[in-house]
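Colleague: For reference, the structure I am asking about is given below.
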Amino acid sequence: MLFLAGLLLVSFFGSFSKSYVLLSPRGSYTWSDAYDNCKANKGYLASVISYDATVKSSLAWIGKVELISKWLQIMGCYVFDSTRGNLFQVPTIADCEMQCSGYKYFAFRAQIEPVCLCMPQMPQTLSNAHSCDSVNTYRFLIVYSRYLRSKFYEKEMGNCMYSSCTTSPMQIDGPYVANCTSSSVRGVCALGEHVEDDNSGWNKSLKDCIEHHGTYFPEDFRNVCADVKSPSWTNIFRENHSFFYNIRSHNDLLSNRIPLKCASVKVRHSDGLRIIKDTHYVECNTRLPYFLCATDSQHLVVNFSQYITSTITNQYTI
């Protein structure tokens, strides 16, 4: 293990390069200050770090954040003739959307193994919704897009949207946000069919539409206004209000995201750096004395803090 004047935490070797996790000089940093400093050094806030129980400690920013989930819209179940080499595994649909941030559309399927596919445009062949729910193959994937007005609903409490028709058949009222288990919103399928239990919540209503009618909820409520006489579920949802994201390289996906909360750990550095296994998520504009930066460089230039401007160089090898 290497120590950088008592400040270098870890040096680890990959196949082609050496990487370091450095502790900044003492200062006063927001999470954005820490993030920008690491970027300036062609590194990133460290999220994979070793822990060791200890006592007296200070706080340091690390590369873990809580992000508000984007609102997503189900576009349909589509047939893919070939996805070889393009599919990749992700744990959740929120991670899939994050990985496909540079694309307009993406496909996700949780059955078998959760997989994701990023797409610049919509596929051509539409299938019955039942195919994406029951057929054991990756040829059928549900395609999603980000809801265009997503940012206006980010702070709403609830993860599903509903709409209804107004007295004019060409006007739509909504969408509005509700708890996905709300019993005051009914389920109506794409062609106007009512689900078996009108007030069973978003997930159960959608499942009913898929299993009994091979569809999702209506894409355009104006086509089924005669059947939508009360608030009804739409294809717009988010899996959770927020999710956690770990920065794992300098090519992170946070350029268009504002973290809801940011993570810190306690560090002890009087006799060589130690990390306490105690991650806390706090307001990102909180000022902390340190941050941990993963970089291929052996030095860390700090130039964002109003209190500190200095360079740490490699002085000790143990």
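As shown in the structure tokens, the chain order sets the letters A, B, ...; within each chain, residues go from 1, and ligands are also counted from 1 in the order they appear.
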Taking a cut-off of 7 Å and counting only C-alpha atoms, can you build a table that, for each residue of stretch 195-247 of chain A near stretch 73-83 of chain A, reports the nearest atom pair and how far apart they are in Å (one decimal), sorted by chain then residue number, as CSV?
Modeller:
```
residue,atom,partner,partner_atom,distance
A:Asn235,CA,A:Ile74,CA,5.3
A:Ile236,CA,A:Gln73,CA,4.4
A:Phe237,CA,A:Gln73,CA,6.5
```
Colleague: Taking the DSSP assignment computed from this structure's backbone, write out as JSON, numbers by chain all residues of stretch 152-210 of chain A that belong to alpha helix (DSSP H).
Modeller: {"A": [202, 203, 204, 205, 206, 207, 208, 209, 210]}
Colleague: What is the atom CA of A:Trp31-atom CA of A:Gln89 distance in Å, reported with one decimal?
Modeller: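 Separation between atom CA of A:Trp31 and atom CA of A:Gln89: 29.2 Å.
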Colleague: Go through A:Ala94, A:Cys132, A:Leu254, A:Cys262 and flag the residue nearest A:Lys207, using only C-alpha atoms for the distances.
Modeller: A:Cys132
Colleague: Could you check how far atom CA of A:Asn37 sits from atom CA of A:Thr295, in Å to one decimal?
Modeller: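 Separation between atom CA of A:Asn37 and atom CA of A:Thr295: 10.9 Å.
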Colleague: Take atom CA of A:Ala107 and atom CA of A:Thr92 and report the distance between them in Å, one decimal.
Modeller: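 Computing it gives 11.8 Å between the two atoms.
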Colleague: Nearest to A:Asn240 among A:Cys100, A:Leu67, A:Val48, A:Leu148, with distances taken over only C-alpha atoms: which residue is it?
Modeller: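 Closest to A:Asn240 of all the choices is A:Leu67.
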Colleague: Using backbone DSSP assignments, extract all strand (DSSP E) residues from stretch 145-223 of chain A; output them as a ChimeraX atom specification.
Modeller: /A:145-146,160-165,172-178
Colleague: With all heavy atoms retained, write the just-selected residues as an mmCIF file, in the first residue's frame.
Modeller:
```cif
data_model
loop_
_atom_site.group_PDB
_atom_site.id
_atom_site.type_symbol
_atom_site.label_atom_id
_atom_site.label_comp_id
_atom_site.auth_asym_id
_atom_site.auth_seq_id
_atom_site.Cartn_x
_atom_site.Cartn_y
_atom_site.Cartn_z
ATOM 1 N N SER A 145 -39.217 5.532 -23.878
ATOM 2 C CA SER A 145 -38.603 6.835 -24.110
ATOM 3 C C SER A 145 -38.746 7.654 -22.835
ATOM 4 O O SER A 145 -39.557 7.319 -21.964
ATOM 5 C CB SER A 145 -39.267 7.558 -25.287
ATOM 6 O OG SER A 145 -40.594 7.933 -24.944
ATOM 7 N N ARG A 146 -37.983 8.715 -22.723
ATOM 8 C CA ARG A 146 -38.147 9.619 -21.582
ATOM 9 C C ARG A 146 -39.340 10.530 -21.861
ATOM 10 O O ARG A 146 -39.473 11.063 -22.963
ATOM 11 C CB ARG A 146 -36.884 10.458 -21.385
ATOM 12 C CG ARG A 146 -35.668 9.624 -21.033
ATOM 13 C CD ARG A 146 -34.389 10.419 -21.131
ATOM 14 N NE ARG A 146 -33.237 9.522 -21.068
ATOM 15 C CZ ARG A 146 -32.758 8.874 -22.128
ATOM 16 N NH1 ARG A 146 -33.318 9.046 -23.318
ATOM 17 N NH2 ARG A 146 -31.729 8.071 -21.998
ATOM 18 N N CYS A 160 -46.583 7.173 -10.743
ATOM 19 C CA CYS A 160 -47.401 6.813 -11.899
ATOM 20 C C CYS A 160 -48.274 8.006 -12.300
ATOM 21 O O CYS A 160 -48.620 8.832 -11.452
ATOM 22 C CB CYS A 160 -48.292 5.612 -11.587
ATOM 23 S SG CYS A 160 -47.349 4.087 -11.269
ATOM 24 N N MET A 161 -48.611 8.081 -13.591
ATOM 25 C CA MET A 161 -49.417 9.202 -14.079
ATOM 26 C C MET A 161 -50.762 8.721 -14.617
ATOM 27 O O MET A 161 -50.889 7.605 -15.115
ATOM 28 C CB MET A 161 -48.671 9.956 -15.176
ATOM 29 C CG MET A 161 -47.488 10.759 -14.688
ATOM 30 S SD MET A 161 -46.915 11.928 -15.964
ATOM 31 C CE MET A 161 -45.465 12.598 -15.144
ATOM 32 N N TYR A 162 -51.745 9.622 -14.512
ATOM 33 C CA TYR A 162 -53.076 9.334 -15.039
ATOM 34 C C TYR A 162 -53.588 10.546 -15.810
ATOM 35 O O TYR A 162 -53.114 11.673 -15.640
ATOM 36 C CB TYR A 162 -54.044 8.967 -13.907
ATOM 37 C CG TYR A 162 -54.353 10.107 -12.953
ATOM 38 C CD1 TYR A 162 -55.435 10.965 -13.193
ATOM 39 C CD2 TYR A 162 -53.585 10.326 -11.816
ATOM 40 C CE1 TYR A 162 -55.724 12.017 -12.322
ATOM 41 C CE2 TYR A 162 -53.864 11.364 -10.948
ATOM 42 C CZ TYR A 162 -54.930 12.207 -11.206
ATOM 43 O OH TYR A 162 -55.206 13.245 -10.345
ATOM 44 N N SER A 163 -54.555 10.302 -16.668
ATOM 45 C CA SER A 163 -55.217 11.364 -17.432
ATOM 46 C C SER A 163 -56.696 11.035 -17.539
ATOM 47 O O SER A 163 -57.146 9.965 -17.111
ATOM 48 C CB SER A 163 -54.618 11.483 -18.846
ATOM 49 O OG SER A 163 -53.316 12.004 -18.810
ATOM 50 N N SER A 164 -57.448 11.954 -18.132
ATOM 51 C CA SER A 164 -58.858 11.696 -18.437
ATOM 52 C C SER A 164 -59.274 12.623 -19.567
ATOM 53 O O SER A 164 -58.573 13.583 -19.899
ATOM 54 C CB SER A 164 -59.746 11.921 -17.205
ATOM 55 O OG SER A 164 -59.653 13.265 -16.773
ATOM 56 N N CYS A 165 -60.417 12.325 -20.175
ATOM 57 C CA CYS A 165 -60.942 13.174 -21.240
ATOM 58 C C CYS A 165 -61.800 14.281 -20.626
ATOM 59 O O CYS A 165 -62.464 14.087 -19.606
ATOM 60 C CB CYS A 165 -61.784 12.359 -22.208
ATOM 61 S SG CYS A 165 -60.827 11.138 -23.142
ATOM 62 N N ILE A 172 -57.516 16.595 -23.622
ATOM 63 C CA ILE A 172 -57.079 15.677 -22.578
ATOM 64 C C ILE A 172 -56.796 16.461 -21.308
ATOM 65 O O ILE A 172 -56.163 17.515 -21.340
ATOM 66 C CB ILE A 172 -55.807 14.916 -23.006
ATOM 67 C CG1 ILE A 172 -56.052 14.153 -24.313
ATOM 68 C CG2 ILE A 172 -55.349 13.959 -21.908
ATOM 69 C CD1 ILE A 172 -57.124 13.103 -24.218
ATOM 70 N N ASP A 173 -57.265 15.927 -20.203
ATOM 71 C CA ASP A 173 -57.016 16.543 -18.903
ATOM 72 C C ASP A 173 -55.876 15.787 -18.228
ATOM 73 O O ASP A 173 -55.997 14.617 -17.906
ATOM 74 C CB ASP A 173 -58.286 16.475 -18.049
ATOM 75 C CG ASP A 173 -58.115 17.229 -16.737
ATOM 76 O OD1 ASP A 173 -57.230 18.100 -16.677
ATOM 77 O OD2 ASP A 173 -58.864 16.940 -15.795
ATOM 78 N N GLY A 174 -54.769 16.466 -18.027
ATOM 79 C CA GLY A 174 -53.631 15.808 -17.398
ATOM 80 C C GLY A 174 -52.409 15.806 -18.307
ATOM 81 O O GLY A 174 -52.357 16.562 -19.263
ATOM 82 N N PRO A 175 -51.386 14.997 -18.020
ATOM 83 C CA PRO A 175 -51.396 13.987 -16.963
ATOM 84 C C PRO A 175 -51.115 14.560 -15.575
ATOM 85 O O PRO A 175 -50.571 15.641 -15.446
ATOM 86 C CB PRO A 175 -50.263 13.047 -17.399
ATOM 87 C CG PRO A 175 -49.300 13.948 -18.094
ATOM 88 C CD PRO A 175 -50.136 14.964 -18.805
ATOM 89 N N TYR A 176 -51.529 13.771 -14.578
ATOM 90 C CA TYR A 176 -51.284 14.092 -13.187
ATOM 91 C C TYR A 176 -50.547 12.928 -12.537
ATOM 92 O O TYR A 176 -50.577 11.801 -13.037
ATOM 93 C CB TYR A 176 -52.596 14.359 -12.457
ATOM 94 C CG TYR A 176 -53.392 15.507 -13.032
ATOM 95 C CD1 TYR A 176 -54.512 15.269 -13.832
ATOM 96 C CD2 TYR A 176 -53.030 16.830 -12.783
ATOM 97 C CE1 TYR A 176 -55.252 16.328 -14.362
ATOM 98 C CE2 TYR A 176 -53.752 17.893 -13.304
ATOM 99 C CZ TYR A 176 -54.856 17.636 -14.107
ATOM 100 O OH TYR A 176 -55.564 18.681 -14.630
ATOM 101 N N VAL A 177 -49.916 13.213 -11.407
ATOM 102 C CA VAL A 177 -49.135 12.193 -10.702
ATOM 103 C C VAL A 177 -49.940 11.630 -9.540
ATOM 104 O O VAL A 177 -50.623 12.369 -8.829
ATOM 105 C CB VAL A 177 -47.807 12.778 -10.190
ATOM 106 C CG1 VAL A 177 -47.027 11.746 -9.377
ATOM 107 C CG2 VAL A 177 -46.956 13.278 -11.357
ATOM 108 N N ALA A 178 -49.844 10.322 -9.358
ATOM 109 C CA ALA A 178 -50.525 9.663 -8.240
ATOM 110 C C ALA A 178 -49.663 8.530 -7.706
ATOM 111 O O ALA A 178 -48.743 8.053 -8.392
ATOM 112 C CB ALA A 178 -51.884 9.116 -8.691
#
```
Colleague: Can you pull out every residue within 8 Å of stretch 113-116 of chain A, counting only C-alpha atoms, but drop anything in the same chain fewer than 4 positions away, and send it as a PyMOL selection string?
Modeller: chain A and resi 87-93+96+106-109
Colleague: Leaving out stretch 209-225 of chain A and any residue of its chain fewer than 2 positions from it, which residues lie within 6 Å of it when counting only C-alpha atoms, given as a count of residues only?
Modeller: 14
